[in-house]
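Have a look at the structure below, then the notes.
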Amino acid sequence: MNTVWGDLNFRLHSVQGSSMASGTDYDFKQAPDHLLVLVHGIMASPSDWTYAKAELERQLGSNFLIYASSCNGFTKTFDGIDRAGKRLAEEISSVVQKTGSLQRISILAHSLGGLFSRYAIAVLYSTDSLHKDQVDDYRNTNTQMENSLKLGSIAGLQPINFITLATPHLGVRGKKQLPFLLGLPLLEKLAPPIAPILVGRTGQQLFLTDEKPNRPPLLLRMASKSDDLEFISSLNSFRNRILYANVSYDHMVGWRTSSIRRETELPKIQMPLFYILALRFQPSLKSLDGYKHIVDVQYCPPILSEDPHFPSEAAKAKEAAQTSSNTQTTTEYYELIEEEMIHGLQRLEWTKVDVSFHSATWPFFAHNNIHVKNEWLYNAGAGVIAHVADSLKHQESRTLIASNL
């Protein structure tokens with residue numbers, strides 16, 4: 001296991017111990033110059049970020065403008081990832097236009113909000129403005145990336161952090177990607193046709209059933225260079241990309257899809273999802289010092305591969321699935337699509353943070369714990385928010401140092 005926590009822990013605590021760790025010491029300017037957008041998930045609202053927003057404001061200081069998005073509240077999250085993403089892009093543009101002091105942007109998103117955010121940054125992406133320290137940082141840390149992936153700006157601002165908490169980056173189809181279906185083949189087969197009835201176009205897109213002739217599902221297009229938008233280049237423009245994923249007890253989003261991994265790539269720390277009787281007898285995973293319930297941090301360098309596409313094998317498998325009731329044929333089609341998504345997203349470097357609420361009072365609330373949806377009921381995720389805050393401070397200190405060179 002390629003764990004790099006020692007180095008990251010040292011760097012984070014070095015920042016934490018420096019004069020930059022306190023909010024007041026960040027106040028070099030009266031007006032904020034770093035926009036941090038908080039994006040909630042399905043059937044949620046900005047109030048989900050009440051605890052996290054207050055804690056981040058306390059930790060980061062007035063250099064940050066922390067804005068909780070409100071454009072996709074509750075049932076608006078059913079309209080589709082693309083439509084919600086466009087609304088989010090418009091909202092971010094409006095905030096930027098109203099706050100002339102902004103220079104940098106970061107995104108922190110929970111669950112479905114991570115997919116909305118990936119779409120929104122592609123809409124807002126531009127290569128018209130390149131920042132010198134952004135280019136230098138790219139040359140130093142991303143030398144393996146293909147030359148075709150260009151850096152740029154998001155809404156005219158320098159992109160710094162893109163962070164997701166329990167986001168279904170690969171969708172939720174099959175292989176325990178939607179854990180409350182318990183991995184039962186019958187339930188996983190029934191879920192895709194029912195999802196659009198319950199959650200609209202978003203359900204189609206999450207279950208990868210929104211494809212059209214010669215047009216792959218949206219999530220596959222979002223893992224590649226699309227004809228319409230620069231999905232990968234916009235993600236690559238961020239200096240820092242972090243995925244937080246629940247190891248177990250997350251009833252909404254599986255570990256693989258939230259950490260962009262194949263089954264064989266999962267660290268050997270997983271535990272059963274539902275086992276009430278064994279709950280208190282299973283040894284807890286050890287948390288990292290200072291960050292309760294965070295059990296592992298991995299740095300994953302970019303893996304060079306061809307740009308994802310809608311493979312002819314997938315098209316043939318889909319055609320065969322439509323003319324046959326063979327479940328295996330349908331499964332093969334979606335496995336090909338998932339593999340293409342993984343190829344596309346693993347072309348970027350990521351920091352992957354695994355979280356386990358096994359020892360929490362209410363472990364089965366993992367999906368809401370991870371971003372502390374409610375301070376009184378879901379406060380087990382306070383260590384996750386602390387880790388996010390320290391990661392943001394670390395990147396901010398790098399930016400400030402670079403700007404003074």
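Within each chain, counting starts at residue 1; across the structure tokens, chains are named A, B, ... in the order shown, with ligands numbered 1 upward in that order.
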
Practice task
Run DSSP on the backbone of this structure and report the residues of stretch 39-100 of chain A it assigns to strand (DSSP E), as a PyMOL selection string.
Solution key: chain A and resi 39+64-68

Pull the closest atom pair for each residue of stretch 214-261 of chain A that gets at most 12 Å from stretch 80-84 of chain A, along with the distance in Å to one decimal, counting only C-alpha atoms, ordering rows by chain and then ascending residue number, as JSON lines.
{"residue": "A:Pro217", "atom": "CA", "partner": "A:Ile81", "partner_atom": "CA", "distance": 11.5}
{"residue": "A:Leu218", "atom": "CA", "partner": "A:Asp82", "partner_atom": "CA", "distance": 8.2}
{"residue": "A:Leu219", "atom": "CA", "partner": "A:Ile81", "partner_atom": "CA", "distance": 9.0}
{"residue": "A:Arg221", "atom": "CA", "partner": "A:Asp82", "partner_atom": "CA", "distance": 11.3}
{"residue": "A:Met222", "atom": "CA", "partner": "A:Asp82", "partner_atom": "CA", "distance": 10.1}
{"residue": "A:Asp228", "atom": "CA", "partner": "A:Asp82", "partner_atom": "CA", "distance": 11.7}
{"residue": "A:Leu229", "atom": "CA", "partner": "A:Asp82", "partner_atom": "CA", "distance": 11.2}
{"residue": "A:Phe231", "atom": "CA", "partner": "A:Asp82", "partner_atom": "CA", "distance": 11.9}

Using all heavy atoms, can you write the selected residues to a file as a PDB file, in the first residue's frame?
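Written output follows (part31.pdb):
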ATOM      1  N   PRO A 217     -22.949   7.448 -22.064  1.00  0.00           N
ATOM      2  CA  PRO A 217     -23.538   8.049 -20.863  1.00  0.00           C
ATOM      3  C   PRO A 217     -22.761   9.292 -20.423  1.00  0.00           C
ATOM      4  O   PRO A 217     -21.556   9.412 -20.665  1.00  0.00           O
ATOM      5  CB  PRO A 217     -23.424   6.931 -19.820  1.00  0.00           C
ATOM      6  CG  PRO A 217     -23.342   5.669 -20.609  1.00  0.00           C
ATOM      7  CD  PRO A 217     -22.612   6.024 -21.866  1.00  0.00           C
ATOM      8  N   LEU A 218     -23.439  10.197 -19.754  1.00  0.00           N
ATOM      9  CA  LEU A 218     -22.833  11.460 -19.346  1.00  0.00           C
ATOM     10  C   LEU A 218     -21.591  11.238 -18.482  1.00  0.00           C
ATOM     11  O   LEU A 218     -20.570  11.915 -18.662  1.00  0.00           O
ATOM     12  CB  LEU A 218     -23.853  12.311 -18.574  1.00  0.00           C
ATOM     13  CG  LEU A 218     -23.314  13.623 -17.999  1.00  0.00           C
ATOM     14  CD1 LEU A 218     -22.836  14.550 -19.103  1.00  0.00           C
ATOM     15  CD2 LEU A 218     -24.376  14.308 -17.138  1.00  0.00           C
ATOM     16  N   LEU A 219     -21.653  10.318 -17.540  1.00  0.00           N
ATOM     17  CA  LEU A 219     -20.515  10.125 -16.644  1.00  0.00           C
ATOM     18  C   LEU A 219     -19.275   9.644 -17.391  1.00  0.00           C
ATOM     19  O   LEU A 219     -18.152   9.951 -16.988  1.00  0.00           O
ATOM     20  CB  LEU A 219     -20.873   9.151 -15.520  1.00  0.00           C
ATOM     21  CG  LEU A 219     -21.869   9.669 -14.478  1.00  0.00           C
ATOM     22  CD1 LEU A 219     -22.034   8.674 -13.336  1.00  0.00           C
ATOM     23  CD2 LEU A 219     -21.441  11.029 -13.932  1.00  0.00           C
ATOM     24  N   ARG A 221     -18.644  10.565 -20.563  1.00  0.00           N
ATOM     25  CA  ARG A 221     -18.184  11.774 -21.239  1.00  0.00           C
ATOM     26  C   ARG A 221     -17.450  12.703 -20.274  1.00  0.00           C
ATOM     27  O   ARG A 221     -16.509  13.396 -20.651  1.00  0.00           O
ATOM     28  CB  ARG A 221     -19.374  12.506 -21.864  1.00  0.00           C
ATOM     29  CG  ARG A 221     -19.876  11.846 -23.145  1.00  0.00           C
ATOM     30  CD  ARG A 221     -21.006  12.636 -23.766  1.00  0.00           C
ATOM     31  NE  ARG A 221     -22.297  12.299 -23.198  1.00  0.00           N
ATOM     32  CZ  ARG A 221     -23.227  13.173 -22.827  1.00  0.00           C
ATOM     33  NH1 ARG A 221     -22.995  14.472 -22.948  1.00  0.00           N
ATOM     34  NH2 ARG A 221     -24.371  12.768 -22.337  1.00  0.00           N
ATOM     35  N   MET A 222     -17.868  12.699 -19.000  1.00  0.00           N
ATOM     36  CA  MET A 222     -17.232  13.546 -17.990  1.00  0.00           C
ATOM     37  C   MET A 222     -15.871  13.010 -17.560  1.00  0.00           C
ATOM     38  O   MET A 222     -15.144  13.686 -16.815  1.00  0.00           O
ATOM     39  CB  MET A 222     -18.149  13.693 -16.777  1.00  0.00           C
ATOM     40  CG  MET A 222     -19.359  14.581 -17.039  1.00  0.00           C
ATOM     41  SD  MET A 222     -20.533  14.616 -15.662  1.00  0.00           S
ATOM     42  CE  MET A 222     -19.517  15.282 -14.345  1.00  0.00           C
ATOM     43  N   ASP A 228     -18.155  18.793 -26.207  1.00  0.00           N
ATOM     44  CA  ASP A 228     -18.791  19.994 -25.684  1.00  0.00           C
ATOM     45  C   ASP A 228     -17.929  20.729 -24.656  1.00  0.00           C
ATOM     46  O   ASP A 228     -17.758  21.940 -24.720  1.00  0.00           O
ATOM     47  CB  ASP A 228     -20.135  19.640 -25.048  1.00  0.00           C
ATOM     48  CG  ASP A 228     -21.064  18.935 -26.032  1.00  0.00           C
ATOM     49  OD1 ASP A 228     -21.036  19.312 -27.210  1.00  0.00           O
ATOM     50  OD2 ASP A 228     -21.796  18.026 -25.619  1.00  0.00           O
ATOM     51  N   LEU A 229     -17.383  19.982 -23.687  1.00  0.00           N
ATOM     52  CA  LEU A 229     -16.710  20.593 -22.550  1.00  0.00           C
ATOM     53  C   LEU A 229     -15.405  19.880 -22.222  1.00  0.00           C
ATOM     54  O   LEU A 229     -15.261  18.677 -22.462  1.00  0.00           O
ATOM     55  CB  LEU A 229     -17.634  20.566 -21.318  1.00  0.00           C
ATOM     56  CG  LEU A 229     -18.932  21.364 -21.423  1.00  0.00           C
ATOM     57  CD1 LEU A 229     -19.865  21.023 -20.269  1.00  0.00           C
ATOM     58  CD2 LEU A 229     -18.652  22.861 -21.451  1.00  0.00           C
ATOM     59  N   PHE A 231     -13.842  18.382 -19.641  1.00  0.00           N
ATOM     60  CA  PHE A 231     -14.051  17.856 -18.298  1.00  0.00           C
ATOM     61  C   PHE A 231     -12.738  17.513 -17.592  1.00  0.00           C
ATOM     62  O   PHE A 231     -12.541  17.852 -16.423  1.00  0.00           O
ATOM     63  CB  PHE A 231     -14.953  16.621 -18.350  1.00  0.00           C
ATOM     64  CG  PHE A 231     -16.372  16.914 -18.722  1.00  0.00           C
ATOM     65  CD1 PHE A 231     -16.876  16.534 -19.962  1.00  0.00           C
ATOM     66  CD2 PHE A 231     -17.210  17.586 -17.849  1.00  0.00           C
ATOM     67  CE1 PHE A 231     -18.191  16.810 -20.305  1.00  0.00           C
ATOM     68  CE2 PHE A 231     -18.525  17.867 -18.177  1.00  0.00           C
ATOM     69  CZ  PHE A 231     -19.018  17.472 -19.424  1.00  0.00           C
TER      70      PHE A 231
END

Write out as a JSON list (two decimals) with N, CA, C and O atoms, in the first residue's frame the residues lying within 9 Å of A:Cys300, counting only C-alpha atoms and excluding same-chain residues fewer than 2 positions away.
[["chain", "number", "residue", "atom", "x", "y", "z"],
["A", 2, "ASN", "N", 0.65, 2.10, -0.96],
["A", 2, "ASN", "CA", 1.50, 3.27, -1.12],
["A", 2, "ASN", "C", 1.00, 4.41, -0.25],
["A", 2, "ASN", "O", 0.46, 5.40, -0.72],
["A", 298, "GLN", "N", -3.61, 7.98, 0.72],
["A", 298, "GLN", "CA", -2.75, 7.52, -0.36],
["A", 298, "GLN", "C", -2.60, 8.60, -1.41],
["A", 298, "GLN", "O", -3.57, 9.26, -1.79],
["A", 302, "PRO", "N", -0.61, 10.13, -11.55],
["A", 302, "PRO", "CA", -1.37, 9.91, -12.78],
["A", 302, "PRO", "C", -0.89, 8.67, -13.52],
["A", 302, "PRO", "O", 0.29, 8.34, -13.50],
["A", 303, "ILE", "N", -1.83, 7.99, -14.15],
["A", 303, "ILE", "CA", -1.53, 6.80, -14.94],
["A", 303, "ILE", "C", -1.82, 7.14, -16.40],
["A", 303, "ILE", "O", -2.96, 7.42, -16.77],
["A", 346, "GLN", "N", -8.19, 8.33, -13.74],
["A", 346, "GLN", "CA", -6.88, 8.01, -13.18],
["A", 346, "GLN", "C", -5.74, 8.62, -14.00],
["A", 346, "GLN", "O", -4.58, 8.47, -13.63],
["A", 348, "LEU", "N", -5.32, 11.62, -13.97],
["A", 348, "LEU", "CA", -4.98, 12.73, -13.08],
["A", 348, "LEU", "C", -4.43, 12.17, -11.78],
["A", 348, "LEU", "O", -4.75, 11.06, -11.37],
["A", 349, "GLU", "N", -3.63, 12.97, -11.10],
["A", 349, "GLU", "CA", -3.16, 12.56, -9.78],
["A", 349, "GLU", "C", -4.23, 12.91, -8.74],
["A", 349, "GLU", "O", -4.93, 13.92, -8.85],
["A", 350, "TRP", "N", -4.35, 12.05, -7.74],
["A", 350, "TRP", "CA", -5.34, 12.24, -6.67],
["A", 350, "TRP", "C", -4.70, 11.91, -5.33],
["A", 350, "TRP", "O", -3.82, 11.06, -5.25],
["A", 351, "THR", "N", -5.19, 12.54, -4.29],
["A", 351, "THR", "CA", -4.95, 12.09, -2.93],
["A", 351, "THR", "C", -6.24, 11.44, -2.46],
["A", 351, "THR", "O", -7.30, 12.06, -2.51],
["A", 352, "LYS", "N", -6.15, 10.17, -2.05],
["A", 352, "LYS", "CA", -7.34, 9.42, -1.66],
["A", 352, "LYS", "C", -7.31, 9.16, -0.16],
["A", 352, "LYS", "O", -6.37, 8.55, 0.37]]

Write out, as CSV, each residue of stretch 18-99 of chain A that has an atom at most 10 Å from stretch 376-383 of chain A, together with the closest pair of atoms and their distance in Å to one decimal, counting only C-alpha atoms, rows going by chain and rising number.
residue,atom,partner,partner_atom,distance
A:Tyr51,CA,A:Asn379,CA,8.8
A:Ala52,CA,A:Ala382,CA,8.3
A:Glu55,CA,A:Ala382,CA,9.1

Limited to N, CA, C and O atoms, could you put the picked residues into a file as an mmCIF file, in the first residue's frame?
data_model
loop_
_atom_site.group_PDB
_atom_site.id
_atom_site.type_symbol
_atom_site.label_atom_id
_atom_site.label_comp_id
_atom_site.auth_asym_id
_atom_site.auth_seq_id
_atom_site.Cartn_x
_atom_site.Cartn_y
_atom_site.Cartn_z
ATOM 1 N N TYR A 51 -22.193 23.358 10.177
ATOM 2 C CA TYR A 51 -21.034 23.094 11.028
ATOM 3 C C TYR A 51 -19.736 23.295 10.257
ATOM 4 O O TYR A 51 -18.822 23.984 10.717
ATOM 5 N N ALA A 52 -19.646 22.671 9.075
ATOM 6 C CA ALA A 52 -18.405 22.736 8.302
ATOM 7 C C ALA A 52 -18.049 24.180 7.943
ATOM 8 O O ALA A 52 -16.882 24.586 8.031
ATOM 9 N N GLU A 55 -16.716 25.997 11.033
ATOM 10 C CA GLU A 55 -15.396 25.486 11.417
ATOM 11 C C GLU A 55 -14.326 25.929 10.419
ATOM 12 O O GLU A 55 -13.218 26.306 10.809
#

Exercise for the section: Find the residues near A:Pro363: any atom within 9 Å, counting only C-alpha atoms, skip ones fewer than 3 places away on the same chain, and give them as a PyMOL selection string. Expected result: chain A and resi 248-250+356-360+366+369+380
